[in-house]
file work-v1.tsv (TSV, C-alpha atoms)
chain	number	residue	atom	x	y	z
A	1	MET	CA	-4.42	-26.20	1.01
A	2	ILE	CA	-3.74	-22.53	1.37
A	3	LYS	CA	-1.88	-20.10	-0.89
A	4	LEU	CA	0.73	-17.99	0.84
A	5	VAL	CA	2.18	-14.86	-0.76
A	6	TYR	CA	5.16	-12.85	0.47
A	7	PHE	CA	6.31	-9.31	-0.27
A	8	ALA	CA	9.37	-7.05	0.05
A	9	TRP	CA	12.07	-8.26	2.47
A	10	ILE	CA	9.92	-11.13	3.73
A	11	ARG	CA	9.77	-12.46	0.15
A	12	GLU	CA	13.53	-12.00	-0.23
A	13	ARG	CA	14.41	-13.72	3.04
A	14	ILE	CA	12.12	-16.68	2.40
A	15	GLY	CA	13.39	-16.85	-1.17
A	16	LYS	CA	10.06	-17.21	-2.95
A	17	SER	CA	7.09	-15.00	-3.71
A	18	GLU	CA	4.39	-17.60	-3.17
A	19	GLU	CA	3.68	-21.21	-2.32
A	20	THR	CA	0.77	-23.49	-1.50
A	21	ILE	CA	0.93	-25.55	1.69
A	22	ASP	CA	-1.24	-27.94	3.67
A	23	LEU	CA	-2.20	-26.48	7.02
A	24	PRO	CA	-1.37	-28.88	9.87
A	25	ASP	CA	-4.04	-29.56	12.51
A	26	GLY	CA	-3.94	-26.98	15.25
A	27	VAL	CA	-3.06	-24.06	12.96
A	28	VAL	CA	-6.18	-21.98	13.48
A	29	THR	CA	-5.14	-18.34	13.65
A	30	VAL	CA	-2.72	-16.09	11.76
A	31	SER	CA	-0.43	-16.28	14.78
A	32	ASP	CA	-0.44	-20.11	14.61
A	33	LEU	CA	0.42	-19.90	10.92
A	34	ILE	CA	3.42	-17.62	11.56
A	35	ASP	CA	4.64	-19.96	14.33
A	36	HIS	CA	4.26	-22.94	12.01
A	37	LEU	CA	6.12	-21.24	9.16
A	38	ARG	CA	9.02	-20.43	11.47
A	39	THR	CA	9.60	-24.18	11.89
A	40	ARG	CA	9.96	-24.68	8.14
A	41	GLY	CA	13.61	-23.65	7.94
A	42	GLU	CA	16.24	-21.04	8.66
A	43	GLU	CA	15.05	-18.72	5.92
A	44	TYR	CA	11.51	-18.65	7.38
A	45	ALA	CA	12.85	-18.22	10.91
A	46	LEU	CA	14.90	-15.23	9.74
A	47	ALA	CA	12.05	-13.68	7.73
A	48	LEU	CA	9.59	-14.02	10.60
A	49	GLU	CA	11.96	-13.49	13.56
A	50	THR	CA	9.97	-10.47	14.80
A	51	PRO	CA	6.34	-11.50	14.31
A	52	GLU	CA	5.03	-8.21	15.72
A	53	VAL	CA	6.19	-6.29	12.63
A	54	ILE	CA	4.60	-8.74	10.19
A	55	HIS	CA	1.42	-7.51	8.53
A	56	VAL	CA	-1.10	-10.03	7.29
A	57	ALA	CA	-3.89	-9.96	4.73
A	58	ILE	CA	-6.45	-12.75	4.46
A	59	ASN	CA	-8.03	-12.91	1.01
A	60	GLN	CA	-6.48	-9.48	0.30
A	61	GLU	CA	-7.96	-7.75	3.35
A	62	HIS	CA	-5.91	-6.50	6.30
A	63	SER	CA	-6.17	-8.86	9.27
A	64	GLN	CA	-4.92	-9.20	12.84
A	65	HIS	CA	-2.64	-11.92	14.20
A	66	GLY	CA	-5.45	-13.20	16.41
A	67	ASP	CA	-7.87	-13.64	13.50
A	68	ALA	CA	-8.93	-17.13	12.50
A	69	LEU	CA	-7.79	-18.30	9.07
A	70	GLY	CA	-11.18	-19.91	8.48
A	71	ASP	CA	-11.41	-21.10	4.90
A	72	ALA	CA	-8.93	-18.49	3.65
A	73	ARG	CA	-7.78	-19.06	0.08
A	74	GLU	CA	-4.87	-16.63	0.12
A	75	VAL	CA	-2.83	-15.30	3.04
A	76	ALA	CA	-0.20	-12.60	2.47
A	77	LEU	CA	2.66	-11.79	4.81
A	78	PHE	CA	4.48	-8.47	4.39
A	79	PRO	CA	6.41	-5.77	6.26
A	80	PRO	CA	4.92	-2.37	7.16
A	81	MET	CA	3.86	-0.55	4.00
A	82	THR	CA	5.94	2.32	2.61
A	83	GLY	CA	4.06	3.55	-0.43
A	84	GLY	CA	2.95	7.10	-1.12
B	85	MET	CA	-23.89	10.21	-3.34
B	86	GLY	CA	-22.90	7.70	-5.96
B	87	VAL	CA	-19.34	8.98	-6.32
B	88	LYS	CA	-17.26	6.33	-8.05
B	89	PRO	CA	-13.60	6.81	-7.16
B	90	ASP	CA	-11.19	6.49	-10.08
B	91	ILE	CA	-8.46	4.15	-8.78
B	92	ARG	CA	-5.41	3.14	-10.77
B	93	VAL	CA	-2.20	1.23	-10.07
B	94	GLN	CA	0.15	1.57	-13.01
B	95	GLN	CA	3.75	1.71	-14.17
B	96	GLU	CA	3.19	4.68	-16.47
B	97	ASP	CA	3.47	8.28	-15.40
B	98	PHE	CA	0.38	10.48	-15.06
B	99	ASP	CA	-0.47	14.05	-16.05
B	100	ILE	CA	-2.14	16.11	-13.33
B	101	ARG	CA	-3.81	18.55	-15.73
B	102	LYS	CA	-5.32	15.73	-17.77
B	103	GLU	CA	-6.55	13.98	-14.62
B	104	ILE	CA	-8.25	17.13	-13.34
B	105	ASP	CA	-9.92	17.65	-16.72
B	106	LEU	CA	-11.01	14.02	-16.74
B	107	MET	CA	-12.63	14.19	-13.31
B	108	SER	CA	-14.24	17.61	-13.66
B	109	GLY	CA	-15.19	17.41	-17.33
B	110	GLY	CA	-18.83	18.29	-17.88
B	111	LYS	CA	-19.46	19.06	-14.20
B	112	SER	CA	-20.33	22.61	-13.22
B	113	ASP	CA	-21.01	22.04	-9.53
B	114	ILE	CA	-17.42	21.51	-8.36
B	115	GLY	CA	-16.10	24.46	-6.41
B	116	ALA	CA	-12.79	23.07	-5.17
B	117	VAL	CA	-10.15	20.68	-6.46
B	118	VAL	CA	-7.27	19.66	-4.20
B	119	THR	CA	-4.40	17.66	-5.65
B	120	PHE	CA	-1.46	16.02	-3.95
B	121	THR	CA	1.50	14.66	-5.89
B	122	GLY	CA	4.16	12.52	-4.20
B	123	LEU	CA	7.55	12.57	-5.92
B	124	CYS	CA	10.61	10.38	-5.68
B	125	ARG	CA	13.05	12.43	-3.62
B	126	ASP	CA	16.81	12.17	-3.97
B	127	GLU	CA	18.65	11.78	-0.66
B	128	LYS	CA	22.04	13.51	-0.90
B	129	GLY	CA	22.60	12.45	-4.51
B	130	ALA	CA	23.05	8.78	-3.61
B	131	LEU	CA	19.82	7.49	-5.13
B	132	GLU	CA	19.59	6.18	-8.69
B	133	ALA	CA	15.94	5.18	-8.34
B	134	LEU	CA	13.31	3.66	-6.11
B	135	GLU	CA	11.90	0.24	-6.95
B	136	LEU	CA	8.25	0.09	-5.90
B	137	GLU	CA	6.77	-3.32	-5.24
B	138	HIS	CA	3.02	-3.80	-4.79
B	139	TYR	CA	0.45	-6.49	-4.07
B	140	PRO	CA	-1.52	-6.74	-7.33
B	141	GLY	CA	-5.24	-6.83	-6.70
B	142	MET	CA	-5.09	-5.84	-3.07
B	143	ALA	CA	-3.38	-2.52	-3.87
B	144	GLU	CA	-6.34	-1.47	-6.01
B	145	SER	CA	-9.00	-2.81	-3.66
B	146	GLU	CA	-7.41	-1.20	-0.60
B	147	MET	CA	-7.10	2.17	-2.37
B	148	ARG	CA	-10.76	1.86	-3.36
B	149	ARG	CA	-11.82	1.08	0.23
B	150	ILE	CA	-9.93	4.16	1.46
B	151	ALA	CA	-11.43	6.38	-1.26
B	152	GLU	CA	-14.94	5.11	-0.53
B	153	GLU	CA	-14.47	5.87	3.15
B	154	ALA	CA	-13.37	9.41	2.27
B	155	CYS	CA	-16.55	9.79	0.20
B	156	GLU	CA	-18.62	8.74	3.21
B	157	ARG	CA	-16.89	11.20	5.54
B	158	TRP	CA	-16.93	14.27	3.30
B	159	PRO	CA	-19.23	15.59	0.58
B	160	LEU	CA	-16.83	14.79	-2.25
B	161	ASP	CA	-17.97	15.00	-5.86
B	162	ALA	CA	-15.06	13.13	-7.41
B	163	VAL	CA	-11.95	11.29	-6.26
B	164	THR	CA	-8.94	10.08	-8.24
B	165	ALA	CA	-6.05	8.09	-6.75
B	166	ILE	CA	-3.16	6.83	-8.89
B	167	HIS	CA	-0.16	4.95	-7.49
B	168	ARG	CA	2.78	3.90	-9.66
B	169	TYR	CA	4.96	0.83	-9.24
B	170	GLY	CA	8.26	-0.31	-10.74
B	171	ARG	CA	11.40	1.75	-11.12
B	172	ILE	CA	10.97	5.47	-10.41
B	173	ALA	CA	13.84	7.98	-10.66
B	174	PRO	CA	14.35	11.05	-8.43
B	175	GLY	CA	12.08	13.89	-9.52
B	176	GLU	CA	9.50	11.53	-11.04
B	177	ASN	CA	5.93	11.13	-9.84
B	178	ILE	CA	4.96	8.28	-7.51
B	179	VAL	CA	1.44	9.02	-6.38
B	180	LEU	CA	-1.46	11.35	-7.21
B	181	VAL	CA	-4.56	12.09	-5.18
B	182	ILE	CA	-7.31	14.44	-6.35
B	183	ALA	CA	-10.36	15.30	-4.28
B	184	ALA	CA	-13.11	17.53	-5.67
B	185	SER	CA	-15.99	19.02	-3.76
B	186	ARG	CA	-18.38	21.92	-3.65
B	187	HIS	CA	-16.53	23.00	-0.53
B	188	ARG	CA	-12.88	23.84	-0.03
B	189	GLN	CA	-12.42	22.22	3.39
B	190	ALA	CA	-13.96	18.93	2.32
B	191	ALA	CA	-11.58	18.76	-0.67
B	192	PHE	CA	-8.55	19.50	1.54
B	193	ASP	CA	-9.58	17.01	4.23
B	194	GLY	CA	-10.55	14.32	1.76
B	195	ALA	CA	-7.19	14.53	-0.03
B	196	ALA	CA	-5.20	14.53	3.25
B	197	PHE	CA	-7.17	11.56	4.59
B	198	LEU	CA	-6.59	9.61	1.38
B	199	MET	CA	-2.84	10.20	1.47
B	200	ASP	CA	-2.47	9.43	5.18
B	201	PHE	CA	-4.31	6.13	4.79
B	202	MET	CA	-2.64	5.17	1.53
B	203	LYS	CA	0.82	5.60	3.07
B	204	SER	CA	0.12	3.17	5.89
B	205	ARG	CA	-2.58	0.86	4.47
B	206	ALA	CA	-2.05	0.46	0.73
B	207	PRO	CA	0.27	-2.51	0.04
B	208	PHE	CA	3.29	-0.86	-1.57
B	209	TRP	CA	6.94	-1.13	-0.55
B	210	LYS	CA	9.93	0.95	-1.63
B	211	ARG	CA	13.49	-0.20	-2.08
B	212	GLU	CA	16.46	2.02	-2.88
B	213	ILE	CA	18.69	1.48	-5.88
B	214	LYS	CA	22.01	3.27	-5.36
B	215	ILE	CA	23.78	5.43	-7.91
B	216	ASP	CA	26.54	2.79	-8.20
B	217	GLY	CA	23.91	0.27	-9.32
B	218	SER	CA	23.87	-1.68	-6.07
B	219	THR	CA	20.63	-2.59	-4.38
B	220	GLY	CA	20.10	-0.55	-1.25
B	221	SER	CA	17.83	-1.15	1.68
B	222	TRP	CA	14.07	-1.33	1.90
B	223	VAL	CA	12.65	1.98	3.08
B	224	ASP	CA	11.49	1.73	6.70
B	225	ALA	CA	7.97	2.68	7.68
B	226	ARG	CA	7.88	5.80	9.82
B	227	ASP	CA	5.99	6.14	13.07
B	228	THR	CA	4.94	9.62	11.92
B	229	ASP	CA	3.06	8.03	9.02
B	230	GLU	CA	1.13	5.80	11.39
B	231	ASP	CA	0.44	8.84	13.63
B	232	ALA	CA	-0.81	10.80	10.62
B	233	MET	CA	-3.35	8.07	9.95
B	234	LYS	CA	-4.46	7.83	13.57
B	235	ARG	CA	-5.41	11.51	13.72
B	236	TRP	CA	-8.48	10.66	11.66
B	237	GLN	CA	-9.68	7.96	14.07
call {"tool": "encode", "arguments": {"input": "work-v1.tsv", "output": "structure tokens"}}
result
Amino acid sequence: MIKLVYFAWIRERIGKSEETIDLPDGVVTVSDLIDHLRTRGEEYALALETPEVIHVAINQEHSQHGDALGDAREVALFPPMTGG
Amino acid sequence: MGVKPDIRVQQEDFDIRKEIDLMSGGKSDIGAVVTFTGLCRDEKGALEALELEHYPGMAESEMRRIAEEACERWPLDAVTAIHRYGRIAPGENIVLVIAASRHRQAAFDGAAFLMDFMKSRAPFWKREIKIDGSTGSWVDARDTDEDAMKRWQ
């Protein structure tokens, strides 16, 4: 089980701010996770249609798409940040 | 060293004068204080407010990581970084960075570094609320912000 959290327009397009899912076998990296999520429905496909703009944090630390999920407890997906 | 950055993520406004007093109170070895305040800017009178979303927990920890890196790069004596979230109207404060040092250049550089990294690395997102009450678009990240961060690498 892994907790997923979504922010800004990714949260809006998916229609929820967080969920807990079982990771299927073969989902090893962040990139695998994004590919898997895109198969979960139209709203996910729309939210994640351009994976290269999606930022990811594993356990609240910035990560790369090639990084392994390992035993991550919480993975966040969000668009480029616009604070400040 | 042993500088402990003062990091806050809050809905409430802040007062620059009070924050400077708080960080420099009792210290007589600070020679320079640089502050940066980011305000909500109205674009052609069409903006009612900005709604700032953040990632609770990570926003604070990321700001702290950035502040600690600034303290490693420059001889800073105190650092404060405050970022607001929620609804913020044009003219109101969004973000405050204060860097204090014995030396002027370190205070300037430390404050600029903090802002450049916070803009592109701290998990905050802005959405426009229009004057007619409708929800506008999410503010796009700018390449220039990313470039500003890269100049320190």
call {"tool": "interface_residues", "arguments": {"input": "work-v1.tsv", "of": "chain A", "to": "chain B", "cutoff": "9 Å", "atoms": "all atoms listed in the file", "output": "NGL selection string"}}
result
:A and (7-9 or 57 or 59-62 or 76 or 78-84)
call {"tool": "closest_residue", "arguments": {"input": "work-v1.tsv", "among": "B:Thr219, B:Glu135, B:Ile182, B:Thr228", "to": "Asp105 (chain B)", "atoms": "only C-alpha atoms"}}
result
B:Ile182
call {"tool": "residues_around", "arguments": {"input": "work-v1.tsv", "residues": "Leu23 (chain A)", "least_positions_apart": "5", "cutoff": "10 Å", "atoms": "all atoms listed in the file", "output": "PDB file with C-alpha atoms, keeping the file's coordinate frame"}}
result
ATOM      1  CA  MET A   1      -4.420 -26.200   1.010  1.00  0.00           C
ATOM      2  CA  ILE A   2      -3.740 -22.530   1.370  1.00  0.00           C
ATOM      3  CA  VAL A  28      -6.180 -21.980  13.480  1.00  0.00           C
ATOM      4  CA  LEU A  33       0.420 -19.900  10.920  1.00  0.00           C
ATOM      5  CA  HIS A  36       4.260 -22.940  12.010  1.00  0.00           C
TER       6      HIS A  36
END
call {"tool": "atom_distance", "arguments": {"input": "work-v1.tsv", "atom1": "CA of Leu198 (chain B)", "atom2": "CA of Ala116 (chain B)"}}
result
16.2 Å
